[in-house]
$ cat work_7.txt   # compact mmCIF, C-alpha atoms
# COMPACT_ATOMS: atom_id res chain seq x y z
CA MET G 12 -4.77 -58.73 -6.09
CA ARG G 13 -7.47 -57.17 -8.26
CA ILE G 14 -9.81 -56.85 -5.23
CA ALA G 15 -7.05 -55.21 -3.16
CA SER G 16 -6.28 -52.82 -5.99
CA VAL G 17 -9.93 -51.83 -6.27
CA LEU G 18 -10.12 -51.26 -2.52
CA VAL G 19 -7.00 -49.08 -2.53
CA THR G 20 -8.23 -47.11 -5.53
CA SER G 21 -11.63 -46.67 -3.91
CA SER G 22 -10.05 -45.45 -0.67
CA VAL G 23 -7.85 -42.92 -2.48
CA LEU G 24 -10.82 -41.68 -4.48
CA SER G 25 -12.84 -41.25 -1.29
CA LEU G 26 -10.08 -39.16 0.23
CA VAL G 27 -9.86 -37.00 -2.89
CA LEU G 28 -13.61 -36.46 -2.97
CA ALA G 29 -13.69 -35.69 0.76
CA ALA G 30 -10.91 -33.10 0.46
CA PRO G 31 -11.83 -29.44 0.00
CA ALA G 32 -12.49 -28.60 -3.65
CA GLN G 33 -9.94 -25.81 -3.59
CA ALA G 34 -7.32 -25.20 -0.94
CA ALA G 35 -6.36 -21.61 -0.18
CA SER G 36 -3.20 -20.59 -1.96
CA SER G 37 -0.24 -18.72 -0.53
CA ILE G 38 0.57 -17.17 -3.91
CA ASP G 39 0.57 -13.40 -4.39
CA TYR G 40 -0.25 -12.88 -8.08
CA VAL G 41 0.19 -9.72 -10.16
CA ALA G 42 -1.05 -9.30 -13.74
CA LEU G 43 0.82 -6.66 -15.73
CA GLY G 44 0.72 -5.68 -19.38
CA ASP G 45 -1.34 -4.26 -22.20
CA SER G 46 -4.83 -4.77 -23.63
CA TYR G 47 -4.18 -8.45 -24.34
CA SER G 48 -3.89 -8.86 -20.57
CA SER G 49 -6.46 -6.28 -19.43
CA GLY G 50 -9.17 -8.13 -21.36
CA VAL G 51 -10.00 -5.83 -24.25
CA GLY G 52 -12.16 -7.79 -26.66
CA ALA G 53 -14.09 -9.62 -23.96
CA SER G 54 -17.29 -8.48 -22.29
CA GLY G 55 -17.33 -6.55 -19.02
CA GLN G 56 -14.59 -3.99 -19.72
CA SER G 57 -14.58 -1.01 -17.39
CA GLY G 58 -12.50 1.96 -16.32
CA SER G 59 -9.85 3.85 -18.23
CA CYS G 60 -7.73 0.70 -18.54
CA LEU G 61 -10.64 -1.34 -19.97
CA ARG G 62 -10.07 -4.22 -17.57
CA SER G 63 -12.41 -7.20 -17.74
CA ASN G 64 -12.97 -10.05 -15.32
CA ASN G 65 -13.26 -12.21 -18.43
CA SER G 66 -9.57 -11.80 -19.18
CA TYR G 67 -7.25 -14.69 -18.42
CA ALA G 68 -5.69 -13.15 -15.29
CA PRO G 69 -8.87 -12.75 -13.19
CA LYS G 70 -10.09 -16.11 -14.49
CA TRP G 71 -6.87 -17.73 -13.24
CA ALA G 72 -7.27 -15.95 -9.90
CA ALA G 73 -10.89 -17.10 -9.58
CA ALA G 74 -9.87 -20.70 -10.26
CA ASN G 75 -6.79 -20.75 -8.00
CA SER G 76 -7.69 -18.46 -5.08
CA PRO G 77 -4.33 -16.74 -4.64
CA ALA G 78 -3.60 -15.05 -1.34
CA SER G 79 -3.72 -11.72 -3.20
CA PHE G 80 -4.33 -10.59 -6.77
CA GLN G 81 -3.37 -7.26 -8.34
CA PHE G 82 -4.85 -6.61 -11.78
CA LEU G 83 -2.64 -3.80 -13.12
CA ALA G 84 -2.71 -4.49 -16.87
CA CYS G 85 -3.97 -1.54 -18.89
CA SER G 86 -5.18 -1.07 -22.45
CA GLY G 87 -2.67 0.78 -24.60
CA ALA G 88 0.26 0.10 -22.27
CA THR G 89 3.81 0.21 -23.58
CA THR G 90 6.99 -0.92 -21.88
CA ASP G 91 7.39 2.63 -20.52
CA ASP G 92 3.91 2.46 -18.99
CA VAL G 93 4.68 -0.85 -17.31
CA ARG G 94 7.90 0.52 -15.81
CA ASN G 95 6.54 3.93 -14.83
CA SER G 96 3.02 3.08 -13.66
CA GLN G 97 2.37 -0.61 -13.20
CA ILE G 98 5.52 -1.90 -11.54
CA PRO G 99 5.58 0.92 -8.93
CA ALA G 100 2.03 -0.11 -7.98
CA MET G 101 3.05 -3.72 -7.37
CA LYS G 102 3.26 -4.94 -3.83
CA ALA G 103 6.80 -6.10 -3.15
CA GLY G 104 7.40 -9.81 -2.96
CA ALA G 105 4.95 -11.17 -5.53
CA ASP G 106 5.20 -14.90 -6.14
CA LEU G 107 3.68 -14.97 -9.64
CA VAL G 108 3.69 -12.27 -12.32
CA SER G 109 2.17 -12.49 -15.78
CA ILE G 110 2.59 -10.01 -18.62
CA THR G 111 1.97 -9.35 -22.30
CA ILE G 112 3.90 -6.36 -23.59
CA GLY G 113 5.65 -5.09 -26.72
CA GLY G 114 2.80 -4.91 -29.21
CA ASN G 115 2.04 -1.24 -28.64
CA ASP G 116 5.72 -0.33 -28.69
CA ALA G 117 5.93 -1.94 -32.12
CA GLY G 118 2.96 0.04 -33.43
CA PHE G 119 0.12 -2.49 -33.35
CA ALA G 120 -2.76 -0.01 -33.75
CA PRO G 121 -1.23 2.18 -36.49
CA THR G 122 -0.27 -0.93 -38.43
CA VAL G 123 -3.81 -2.30 -38.32
CA VAL G 124 -5.25 1.05 -39.41
CA THR G 125 -2.82 1.27 -42.34
CA CYS G 126 -3.63 -2.25 -43.44
CA LEU G 127 -7.36 -1.62 -43.23
CA THR G 128 -7.26 1.60 -45.23
CA SER G 129 -4.35 1.24 -47.65
CA SER G 130 -2.95 -1.06 -50.30
CA ASP G 131 -1.24 -4.41 -49.85
CA SER G 132 2.14 -2.77 -50.46
CA ALA G 133 1.48 0.02 -47.94
CA CYS G 134 0.43 -2.57 -45.37
CA ALA G 135 3.58 -4.59 -45.98
CA ALA G 136 5.74 -1.47 -45.67
CA LYS G 137 4.12 -0.56 -42.34
CA VAL G 138 4.70 -4.08 -41.03
CA GLU G 139 8.35 -3.86 -42.11
CA GLN G 140 8.66 -0.61 -40.19
CA GLY G 141 7.39 -2.36 -37.08
CA LYS G 142 9.75 -5.29 -37.61
CA ALA G 143 12.69 -2.88 -37.81
CA TYR G 144 11.61 -1.37 -34.49
CA VAL G 145 11.35 -4.84 -32.96
CA ALA G 146 14.87 -5.70 -34.11
CA GLY G 147 16.55 -2.42 -33.23
CA THR G 148 14.75 -0.67 -30.36
CA LEU G 149 12.43 -3.07 -28.59
CA PRO G 150 15.07 -5.42 -27.09
CA ALA G 151 16.49 -2.77 -24.75
CA ARG G 152 12.99 -1.69 -23.73
CA LEU G 153 12.02 -5.26 -22.91
CA ASP G 154 15.25 -5.81 -21.00
CA ALA G 155 14.66 -2.69 -18.89
CA THR G 156 11.08 -3.73 -18.19
CA TYR G 157 12.00 -7.27 -17.20
CA ALA G 158 14.82 -6.00 -14.98
CA ALA G 159 12.37 -3.68 -13.20
CA ILE G 160 9.97 -6.57 -12.61
CA ARG G 161 12.77 -8.71 -11.18
CA ALA G 162 13.91 -5.86 -8.91
CA LYS G 163 10.39 -5.47 -7.49
CA ALA G 164 9.68 -9.19 -7.20
CA PRO G 165 13.06 -10.96 -6.84
CA ALA G 166 11.66 -14.42 -6.16
CA ALA G 167 8.64 -14.34 -8.46
CA ARG G 168 7.90 -16.77 -11.26
CA VAL G 169 7.38 -14.40 -14.17
CA VAL G 170 5.35 -15.72 -17.09
CA VAL G 171 5.70 -13.73 -20.31
CA LEU G 172 2.86 -14.57 -22.67
CA GLY G 173 3.11 -13.92 -26.39
CA TYR G 174 0.61 -12.78 -28.98
CA PRO G 175 -1.45 -14.97 -31.32
CA LEU G 176 -1.26 -14.81 -35.09
CA ILE G 177 -4.27 -12.59 -35.66
CA PHE G 178 -5.56 -13.86 -38.99
CA ASP G 179 -6.60 -17.09 -40.55
CA THR G 180 -5.09 -17.05 -44.05
CA SER G 181 -6.98 -19.98 -45.57
CA SER G 182 -10.34 -18.25 -45.87
CA ALA G 183 -11.05 -16.48 -49.18
CA LEU G 184 -13.61 -14.15 -47.59
CA CYS G 185 -12.18 -11.71 -45.08
CA GLU G 186 -12.04 -8.00 -44.31
CA MET G 187 -8.40 -7.92 -45.36
CA SER G 188 -6.70 -9.42 -48.39
CA THR G 189 -4.65 -12.58 -48.02
CA ALA G 190 -1.49 -10.56 -48.62
CA LYS G 191 -2.32 -8.17 -45.79
CA ARG G 192 -3.19 -11.00 -43.44
CA ARG G 193 0.10 -12.73 -44.16
CA SER G 194 2.03 -9.51 -43.62
CA ILE G 195 0.41 -8.87 -40.24
CA ASN G 196 0.90 -12.47 -39.13
CA ASP G 197 4.55 -12.29 -40.14
CA GLY G 198 4.96 -9.17 -38.03
CA ALA G 199 3.42 -11.00 -35.07
CA ARG G 200 5.86 -13.89 -35.54
CA VAL G 201 8.85 -11.54 -35.48
CA LEU G 202 7.51 -9.80 -32.37
CA ASP G 203 6.89 -13.08 -30.56
CA GLU G 204 10.36 -14.38 -31.31
CA MET G 205 11.98 -11.23 -29.93
CA VAL G 206 9.81 -11.22 -26.80
CA LYS G 207 10.65 -14.89 -26.28
CA GLN G 208 14.37 -14.23 -26.68
CA ARG G 209 14.48 -11.38 -24.19
CA ALA G 210 12.15 -13.09 -21.70
CA GLU G 211 14.32 -16.20 -21.62
CA ALA G 212 17.47 -14.07 -21.35
CA ALA G 213 15.92 -12.51 -18.23
CA GLY G 214 15.31 -15.96 -16.76
CA PHE G 215 11.54 -15.69 -17.18
CA VAL G 216 9.09 -18.31 -18.40
CA TRP G 217 7.99 -17.85 -22.02
CA SER G 218 4.46 -19.00 -22.86
CA ASP G 219 3.72 -19.08 -26.58
CA VAL G 220 -0.03 -18.77 -27.28
CA ARG G 221 0.23 -19.29 -31.04
CA ASP G 222 -0.37 -23.02 -30.67
CA GLU G 223 -3.51 -22.49 -28.58
CA PHE G 224 -4.91 -20.07 -31.18
CA THR G 225 -4.10 -22.22 -34.22
CA GLY G 226 -7.23 -22.45 -36.37
CA HIS G 227 -8.96 -19.68 -34.44
CA GLY G 228 -7.74 -16.49 -36.11
CA VAL G 229 -9.90 -13.72 -37.54
CA CYS G 230 -11.99 -14.99 -40.48
CA SER G 231 -11.78 -18.63 -39.37
CA SER G 232 -15.01 -20.53 -38.79
CA ARG G 233 -14.33 -20.62 -35.02
CA ALA G 234 -12.58 -17.32 -34.39
CA TRP G 235 -11.19 -16.61 -30.93
CA ILE G 236 -10.12 -13.13 -32.03
CA ASN G 237 -12.46 -10.31 -32.97
CA GLY G 238 -12.33 -8.90 -36.45
CA LEU G 239 -13.12 -5.25 -37.14
CA THR G 240 -15.71 -4.06 -34.62
CA ILE G 241 -17.50 -0.72 -34.70
CA ILE G 242 -19.11 -0.84 -31.25
CA PRO G 243 -16.92 -0.84 -29.26
CA PRO G 244 -14.06 -0.10 -31.66
CA GLN G 245 -11.29 -1.10 -29.24
CA ASN G 246 -12.35 -4.74 -29.44
CA SER G 247 -11.01 -4.97 -32.99
CA TYR G 248 -8.28 -7.61 -33.39
CA HIS G 249 -8.26 -8.57 -29.73
CA PRO G 250 -9.20 -11.96 -28.26
CA ASN G 251 -12.88 -12.54 -27.58
CA GLY G 252 -14.17 -14.41 -24.53
CA SER G 253 -13.21 -17.76 -26.04
CA GLY G 254 -9.73 -16.47 -26.81
CA TYR G 255 -9.09 -15.52 -23.20
CA THR G 256 -10.73 -18.65 -21.75
CA SER G 257 -9.53 -21.29 -24.19
CA GLY G 258 -6.35 -19.61 -25.47
CA TYR G 259 -4.64 -17.44 -22.87
CA LEU G 260 -5.91 -19.09 -19.68
CA PRO G 261 -4.51 -22.54 -20.51
CA ALA G 262 -1.24 -20.92 -21.60
CA LEU G 263 -0.89 -19.25 -18.20
CA SER G 264 -2.13 -22.25 -16.24
CA GLY G 265 0.41 -24.51 -17.92
CA SER G 266 3.26 -22.12 -17.08
CA ALA G 267 2.31 -20.82 -13.64
CA ALA G 268 3.41 -23.84 -11.63
$ encode --input "work_7.txt" --output "structure tokens"
Amino acid sequence: MRIASVLVTSSVLSLVLAAPAQAASSIDYVALGDSYSSGVGASGQSGSCLRSNNSYAPKWAAANSPASFQFLACSGATTDDVRNSQIPAMKAGADLVSITIGGNDAGFAPTVVTCLTSSDSACAAKVEQGKAYVAGTLPARLDATYAAIRAKAPAARVVVLGYPLIFDTSSALCEMSTAKRRSINDGARVLDEMVKQRAEAAGFVWSDVRDEFTGHGVCSSRAWINGLTIIPPQNSYHPNGSGYTSGYLPALSGSAA
């Protein structure tokens, strides 16, 4: 019995090894969203949208050889930008769509600037302002955006990826105080929970990246997110190459099938 089992296993392994390394896919894939999808923070950014082939979307496409791939994500995009510019550019009938969106609507950049330049209390107040927007205004904007995606790609599997908690809060040495880091992380939690709620209400797949990024926030010993950068400034508080490869890419890969 053991000999027969070995022979069967050996035969199966031979077939696997003899098969093509990667079969051509029939999937038409579209990557929508903001800078956390376009690849800001990684090397190789180009164009007005600061797209990088080191973002998770082109890395997934390179690994899976979809029949077609549209990389429409753009730095600075809001829900309005996705509806007015990105979705109209989609080819109809996509099979897989990925997106990160909502952070710019909620005031990501102004919040970071306030927290960098002002007091702990001013930072907390700015985060609270963003949380109020997330609770009161963002849901309808997300709903409209998700409905537009569904109208353009009725049969697509839509994967909505969240945002990581930006900061490690255990380190004593950091460019922001512990209070500021906790405030910003709390704002990210509130945003993620709302995006999750609306994505699931739309029948989309929610992919939470906070677990992948645990232990890898800004000021951690193995950060997957850039801290404050001067050159280029837009990389500040965005995933670095490791963040896209080891954080976002597995989150998409685990949700795309």
$ atom_distance --input "work_7.txt" --atom1 "atom CA of G:Pro99" --atom2 "atom CA of G:Ala159"
9.2 Å
$ atom_distance --input "work_7.txt" --atom1 "atom CA of G:His227" --atom2 "atom CA of G:Thr189"
15.9 Å
$ residues_near_point --input "work_7.txt" --point "(-10.2, -20.0, -29.4)" --cutoff "9 Å" --atoms "all atoms listed in the file" --output "PyMOL selection string"
chain G and resi 223-228+233-236+250-259
$ closest_residue --input "work_7.txt" --among "G:Lys142, G:Arg152, G:His249, G:Arg161" --to "G:Ala199" --atoms "all atoms listed in the file"
G:Lys142
$ closest_residue --input "work_7.txt" --among "G:Ile195, G:Cys85, G:Val41, G:Ala135" --to "G:Leu176" --atoms "only C-alpha atoms"
G:Ile195
$ atom_distance --input "work_7.txt" --atom1 "atom CA of G:Asn115" --atom2 "atom CA of G:Thr90"
8.4 Å
$ residues_around --input "work_7.txt" --residues "stretch 217-221 of chain G" --least-positions-apart "3" --cutoff "8 Å" --atoms "only C-alpha atoms" --output "PDB file with C-alpha atoms, keeping the file's coordinate frame"
ATOM      1  CA  VAL G 170       5.350 -15.720 -17.090  1.00  0.00           C
ATOM      2  CA  VAL G 171       5.700 -13.730 -20.310  1.00  0.00           C
ATOM      3  CA  LEU G 172       2.860 -14.570 -22.670  1.00  0.00           C
ATOM      4  CA  GLY G 173       3.110 -13.920 -26.390  1.00  0.00           C
ATOM      5  CA  TYR G 174       0.610 -12.780 -28.980  1.00  0.00           C
ATOM      6  CA  PRO G 175      -1.450 -14.970 -31.320  1.00  0.00           C
ATOM      7  CA  LEU G 176      -1.260 -14.810 -35.090  1.00  0.00           C
ATOM      8  CA  ASP G 203       6.890 -13.080 -30.560  1.00  0.00           C
ATOM      9  CA  LYS G 207      10.650 -14.890 -26.280  1.00  0.00           C
ATOM     10  CA  ALA G 210      12.150 -13.090 -21.700  1.00  0.00           C
ATOM     11  CA  GLU G 211      14.320 -16.200 -21.620  1.00  0.00           C
ATOM     12  CA  PHE G 224      -4.910 -20.070 -31.180  1.00  0.00           C
ATOM     13  CA  THR G 225      -4.100 -22.220 -34.220  1.00  0.00           C
ATOM     14  CA  GLY G 258      -6.350 -19.610 -25.470  1.00  0.00           C
ATOM     15  CA  TYR G 259      -4.640 -17.440 -22.870  1.00  0.00           C
ATOM     16  CA  ALA G 262      -1.240 -20.920 -21.600  1.00  0.00           C
ATOM     17  CA  LEU G 263      -0.890 -19.250 -18.200  1.00  0.00           C
ATOM     18  CA  SER G 266       3.260 -22.120 -17.080  1.00  0.00           C
TER      19      SER G 266
END
$ closest_residue --input "work_7.txt" --among "G:Asp222, G:Ser231, G:Gly198, G:Tyr157" --to "G:Ser182" --atoms "all atoms listed in the file"
G:Ser231
$ closest_residue --input "work_7.txt" --among "G:Asp92, G:Ser129, G:Ala268, G:Cys230" --to "G:Ile38" --atoms "all atoms listed in the file"
G:Ala268
$ closest_residue --input "work_7.txt" --among "G:Ile160, G:Thr240, G:Gly114, G:Val108" --to "G:Ser96" --atoms "only C-alpha atoms"
G:Ile160
$ closest_residue --input "work_7.txt" --among "G:Ala190, G:Ala183, G:Ala146, G:Ala166" --to "G:Leu127" --atoms "all atoms listed in the file"
G:Ala190
$ residues_around --input "work_7.txt" --residues "G:Met187" --least-positions-apart "2" --cutoff "12 Å" --atoms "all atoms listed in the file" --output "PyMOL selection string"
chain G and resi 123-131+134+177-180+182-185+189-195+229-230+238-239+248
$ write_last_selection --input "work_7.txt" --atoms "C-alpha atoms" --output "mmCIF file, in the frame of the given file"
data_model
loop_
_atom_site.group_PDB
_atom_site.id
_atom_site.type_symbol
_atom_site.label_atom_id
_atom_site.label_comp_id
_atom_site.auth_asym_id
_atom_site.auth_seq_id
_atom_site.Cartn_x
_atom_site.Cartn_y
_atom_site.Cartn_z
ATOM 1 C CA VAL G 123 -3.810 -2.300 -38.320
ATOM 2 C CA VAL G 124 -5.250 1.050 -39.410
ATOM 3 C CA THR G 125 -2.820 1.270 -42.340
ATOM 4 C CA CYS G 126 -3.630 -2.250 -43.440
ATOM 5 C CA LEU G 127 -7.360 -1.620 -43.230
ATOM 6 C CA THR G 128 -7.260 1.600 -45.230
ATOM 7 C CA SER G 129 -4.350 1.240 -47.650
ATOM 8 C CA SER G 130 -2.950 -1.060 -50.300
ATOM 9 C CA ASP G 131 -1.240 -4.410 -49.850
ATOM 10 C CA CYS G 134 0.430 -2.570 -45.370
ATOM 11 C CA ILE G 177 -4.270 -12.590 -35.660
ATOM 12 C CA PHE G 178 -5.560 -13.860 -38.990
ATOM 13 C CA ASP G 179 -6.600 -17.090 -40.550
ATOM 14 C CA THR G 180 -5.090 -17.050 -44.050
ATOM 15 C CA SER G 182 -10.340 -18.250 -45.870
ATOM 16 C CA ALA G 183 -11.050 -16.480 -49.180
ATOM 17 C CA LEU G 184 -13.610 -14.150 -47.590
ATOM 18 C CA CYS G 185 -12.180 -11.710 -45.080
ATOM 19 C CA THR G 189 -4.650 -12.580 -48.020
ATOM 20 C CA ALA G 190 -1.490 -10.560 -48.620
ATOM 21 C CA LYS G 191 -2.320 -8.170 -45.790
ATOM 22 C CA ARG G 192 -3.190 -11.000 -43.440
ATOM 23 C CA ARG G 193 0.100 -12.730 -44.160
ATOM 24 C CA SER G 194 2.030 -9.510 -43.620
ATOM 25 C CA ILE G 195 0.410 -8.870 -40.240
ATOM 26 C CA VAL G 229 -9.900 -13.720 -37.540
ATOM 27 C CA CYS G 230 -11.990 -14.990 -40.480
ATOM 28 C CA GLY G 238 -12.330 -8.900 -36.450
ATOM 29 C CA LEU G 239 -13.120 -5.250 -37.140
ATOM 30 C CA TYR G 248 -8.280 -7.610 -33.390
#
$ residues_near_point --input "work_7.txt" --point "(-12.3, -4.6, -17.8)" --cutoff "10 Å" --atoms "all atoms listed in the file" --output "list in words"
Ser46, Ser48, Ser49, Gly50, Val51, Gly52, Ala53, Ser54, Gly55, Gln56, Ser57, Gly58, Ser59, Cys60, Leu61, Arg62, Ser63, Asn64, Asn65, Ser66, Pro69, Phe82, Ala84, Cys85 and Ser86 of chain G
$ residues_around --input "work_7.txt" --residues "G:Phe80" --least-positions-apart "5" --cutoff "10 Å" --atoms "all atoms listed in the file" --output "PyMOL selection string"
chain G and resi 38-42+68-69+71-73+102+105+107-108
$ axis_aligned_box --input "work_7.txt" --around "stretch 146-164 of chain G" --padding-each-side "4 Å" --output "JSON"
{"center_x": 13.1, "center_y": -4.9, "center_z": -20.7, "size_x": 14.9, "size_y": 16.5, "size_z": 34.9}
$ build_atoms --input "work_7.txt" --residues "stretch 97-126 of chain G" --atoms "N, CA and C atoms" --output "mmCIF file, keeping the file's coordinate frame"
data_model
loop_
_atom_site.group_PDB
_atom_site.id
_atom_site.type_symbol
_atom_site.label_atom_id
_atom_site.label_comp_id
_atom_site.auth_asym_id
_atom_site.auth_seq_id
_atom_site.Cartn_x
_atom_site.Cartn_y
_atom_site.Cartn_z
ATOM 1 N N GLN G 97 2.848 0.664 -13.722
ATOM 2 C CA GLN G 97 2.370 -0.610 -13.200
ATOM 3 C C GLN G 97 3.309 -1.222 -12.170
ATOM 4 N N ILE G 98 4.582 -1.283 -12.480
ATOM 5 C CA ILE G 98 5.520 -1.900 -11.540
ATOM 6 C C ILE G 98 5.593 -1.127 -10.215
ATOM 7 N N PRO G 99 5.603 0.212 -10.216
ATOM 8 C CA PRO G 99 5.580 0.920 -8.930
ATOM 9 C C PRO G 99 4.352 0.612 -8.080
ATOM 10 N N ALA G 100 3.251 0.206 -8.720
ATOM 11 C CA ALA G 100 2.030 -0.110 -7.980
ATOM 12 C C ALA G 100 2.012 -1.523 -7.435
ATOM 13 N N MET G 101 2.973 -2.348 -7.863
ATOM 14 C CA MET G 101 3.050 -3.720 -7.370
ATOM 15 C C MET G 101 3.425 -3.759 -5.897
ATOM 16 N N LYS G 102 2.788 -4.664 -5.182
ATOM 17 C CA LYS G 102 3.260 -4.940 -3.830
ATOM 18 C C LYS G 102 4.558 -5.730 -3.941
ATOM 19 N N ALA G 103 5.512 -5.402 -3.104
ATOM 20 C CA ALA G 103 6.800 -6.100 -3.150
ATOM 21 C C ALA G 103 6.612 -7.563 -2.757
ATOM 22 N N GLY G 104 7.400 -8.410 -3.367
ATOM 23 C CA GLY G 104 7.400 -9.810 -2.960
ATOM 24 C C GLY G 104 6.376 -10.688 -3.634
ATOM 25 N N ALA G 105 5.891 -10.310 -4.817
ATOM 26 C CA ALA G 105 4.950 -11.170 -5.530
ATOM 27 C C ALA G 105 5.578 -12.523 -5.833
ATOM 28 N N ASP G 106 4.743 -13.545 -5.848
ATOM 29 C CA ASP G 106 5.200 -14.900 -6.140
ATOM 30 C C ASP G 106 5.021 -15.266 -7.605
ATOM 31 N N LEU G 107 3.992 -14.683 -8.247
ATOM 32 C CA LEU G 107 3.680 -14.970 -9.640
ATOM 33 C C LEU G 107 3.334 -13.672 -10.349
ATOM 34 N N VAL G 108 3.965 -13.445 -11.501
ATOM 35 C CA VAL G 108 3.690 -12.270 -12.320
ATOM 36 C C VAL G 108 3.446 -12.735 -13.747
ATOM 37 N N SER G 109 2.397 -12.212 -14.365
ATOM 38 C CA SER G 109 2.170 -12.490 -15.780
ATOM 39 C C SER G 109 2.168 -11.176 -16.547
ATOM 40 N N ILE G 110 2.533 -11.242 -17.828
ATOM 41 C CA ILE G 110 2.590 -10.010 -18.620
ATOM 42 C C ILE G 110 2.529 -10.321 -20.112
ATOM 43 N N THR G 111 1.824 -9.470 -20.848
ATOM 44 C CA THR G 111 1.970 -9.350 -22.300
ATOM 45 C C THR G 111 2.387 -7.909 -22.555
ATOM 46 N N ILE G 112 3.440 -7.718 -23.321
ATOM 47 C CA ILE G 112 3.900 -6.360 -23.590
ATOM 48 C C ILE G 112 4.794 -6.374 -24.843
ATOM 49 N N GLY G 113 4.810 -5.242 -25.535
ATOM 50 C CA GLY G 113 5.650 -5.090 -26.720
ATOM 51 C C GLY G 113 4.861 -4.745 -27.961
ATOM 52 N N GLY G 114 3.603 -5.159 -28.022
ATOM 53 C CA GLY G 114 2.800 -4.910 -29.210
ATOM 54 C C GLY G 114 2.569 -3.442 -29.490
ATOM 55 N N ASN G 115 2.270 -2.673 -28.439
ATOM 56 C CA ASN G 115 2.040 -1.240 -28.640
ATOM 57 C C ASN G 115 3.333 -0.496 -28.947
ATOM 58 N N ASP G 116 4.427 -0.929 -28.354
ATOM 59 C CA ASP G 116 5.720 -0.330 -28.690
ATOM 60 C C ASP G 116 5.990 -0.476 -30.189
ATOM 61 N N ALA G 117 5.644 -1.642 -30.716
ATOM 62 C CA ALA G 117 5.930 -1.940 -32.120
ATOM 63 C C ALA G 117 4.921 -1.346 -33.088
ATOM 64 N N GLY G 118 3.897 -0.657 -32.562
ATOM 65 C CA GLY G 118 2.960 0.040 -33.430
ATOM 66 C C GLY G 118 1.784 -0.804 -33.893
ATOM 67 N N PHE G 119 1.237 -1.611 -32.990
ATOM 68 C CA PHE G 119 0.120 -2.490 -33.350
ATOM 69 C C PHE G 119 -1.049 -1.734 -33.959
ATOM 70 N N ALA G 120 -1.568 -0.717 -33.264
ATOM 71 C CA ALA G 120 -2.760 -0.010 -33.750
ATOM 72 C C ALA G 120 -2.532 0.722 -35.070
ATOM 73 N N PRO G 121 -1.460 1.513 -35.203
ATOM 74 C CA PRO G 121 -1.230 2.180 -36.490
ATOM 75 C C PRO G 121 -1.048 1.211 -37.652
ATOM 76 N N THR G 122 -0.450 0.065 -37.374
ATOM 77 C CA THR G 122 -0.270 -0.930 -38.430
ATOM 78 C C THR G 122 -1.613 -1.470 -38.899
ATOM 79 N N VAL G 123 -2.490 -1.785 -37.960
ATOM 80 C CA VAL G 123 -3.810 -2.300 -38.320
ATOM 81 C C VAL G 123 -4.587 -1.261 -39.124
ATOM 82 N N VAL G 124 -4.534 -0.006 -38.700
ATOM 83 C CA VAL G 124 -5.250 1.050 -39.410
ATOM 84 C C VAL G 124 -4.720 1.185 -40.843
ATOM 85 N N THR G 125 -3.411 1.179 -40.994
ATOM 86 C CA THR G 125 -2.820 1.270 -42.340
ATOM 87 C C THR G 125 -3.264 0.115 -43.213
ATOM 88 N N CYS G 126 -3.259 -1.074 -42.644
ATOM 89 C CA CYS G 126 -3.630 -2.250 -43.440
ATOM 90 C C CYS G 126 -5.109 -2.266 -43.783
#
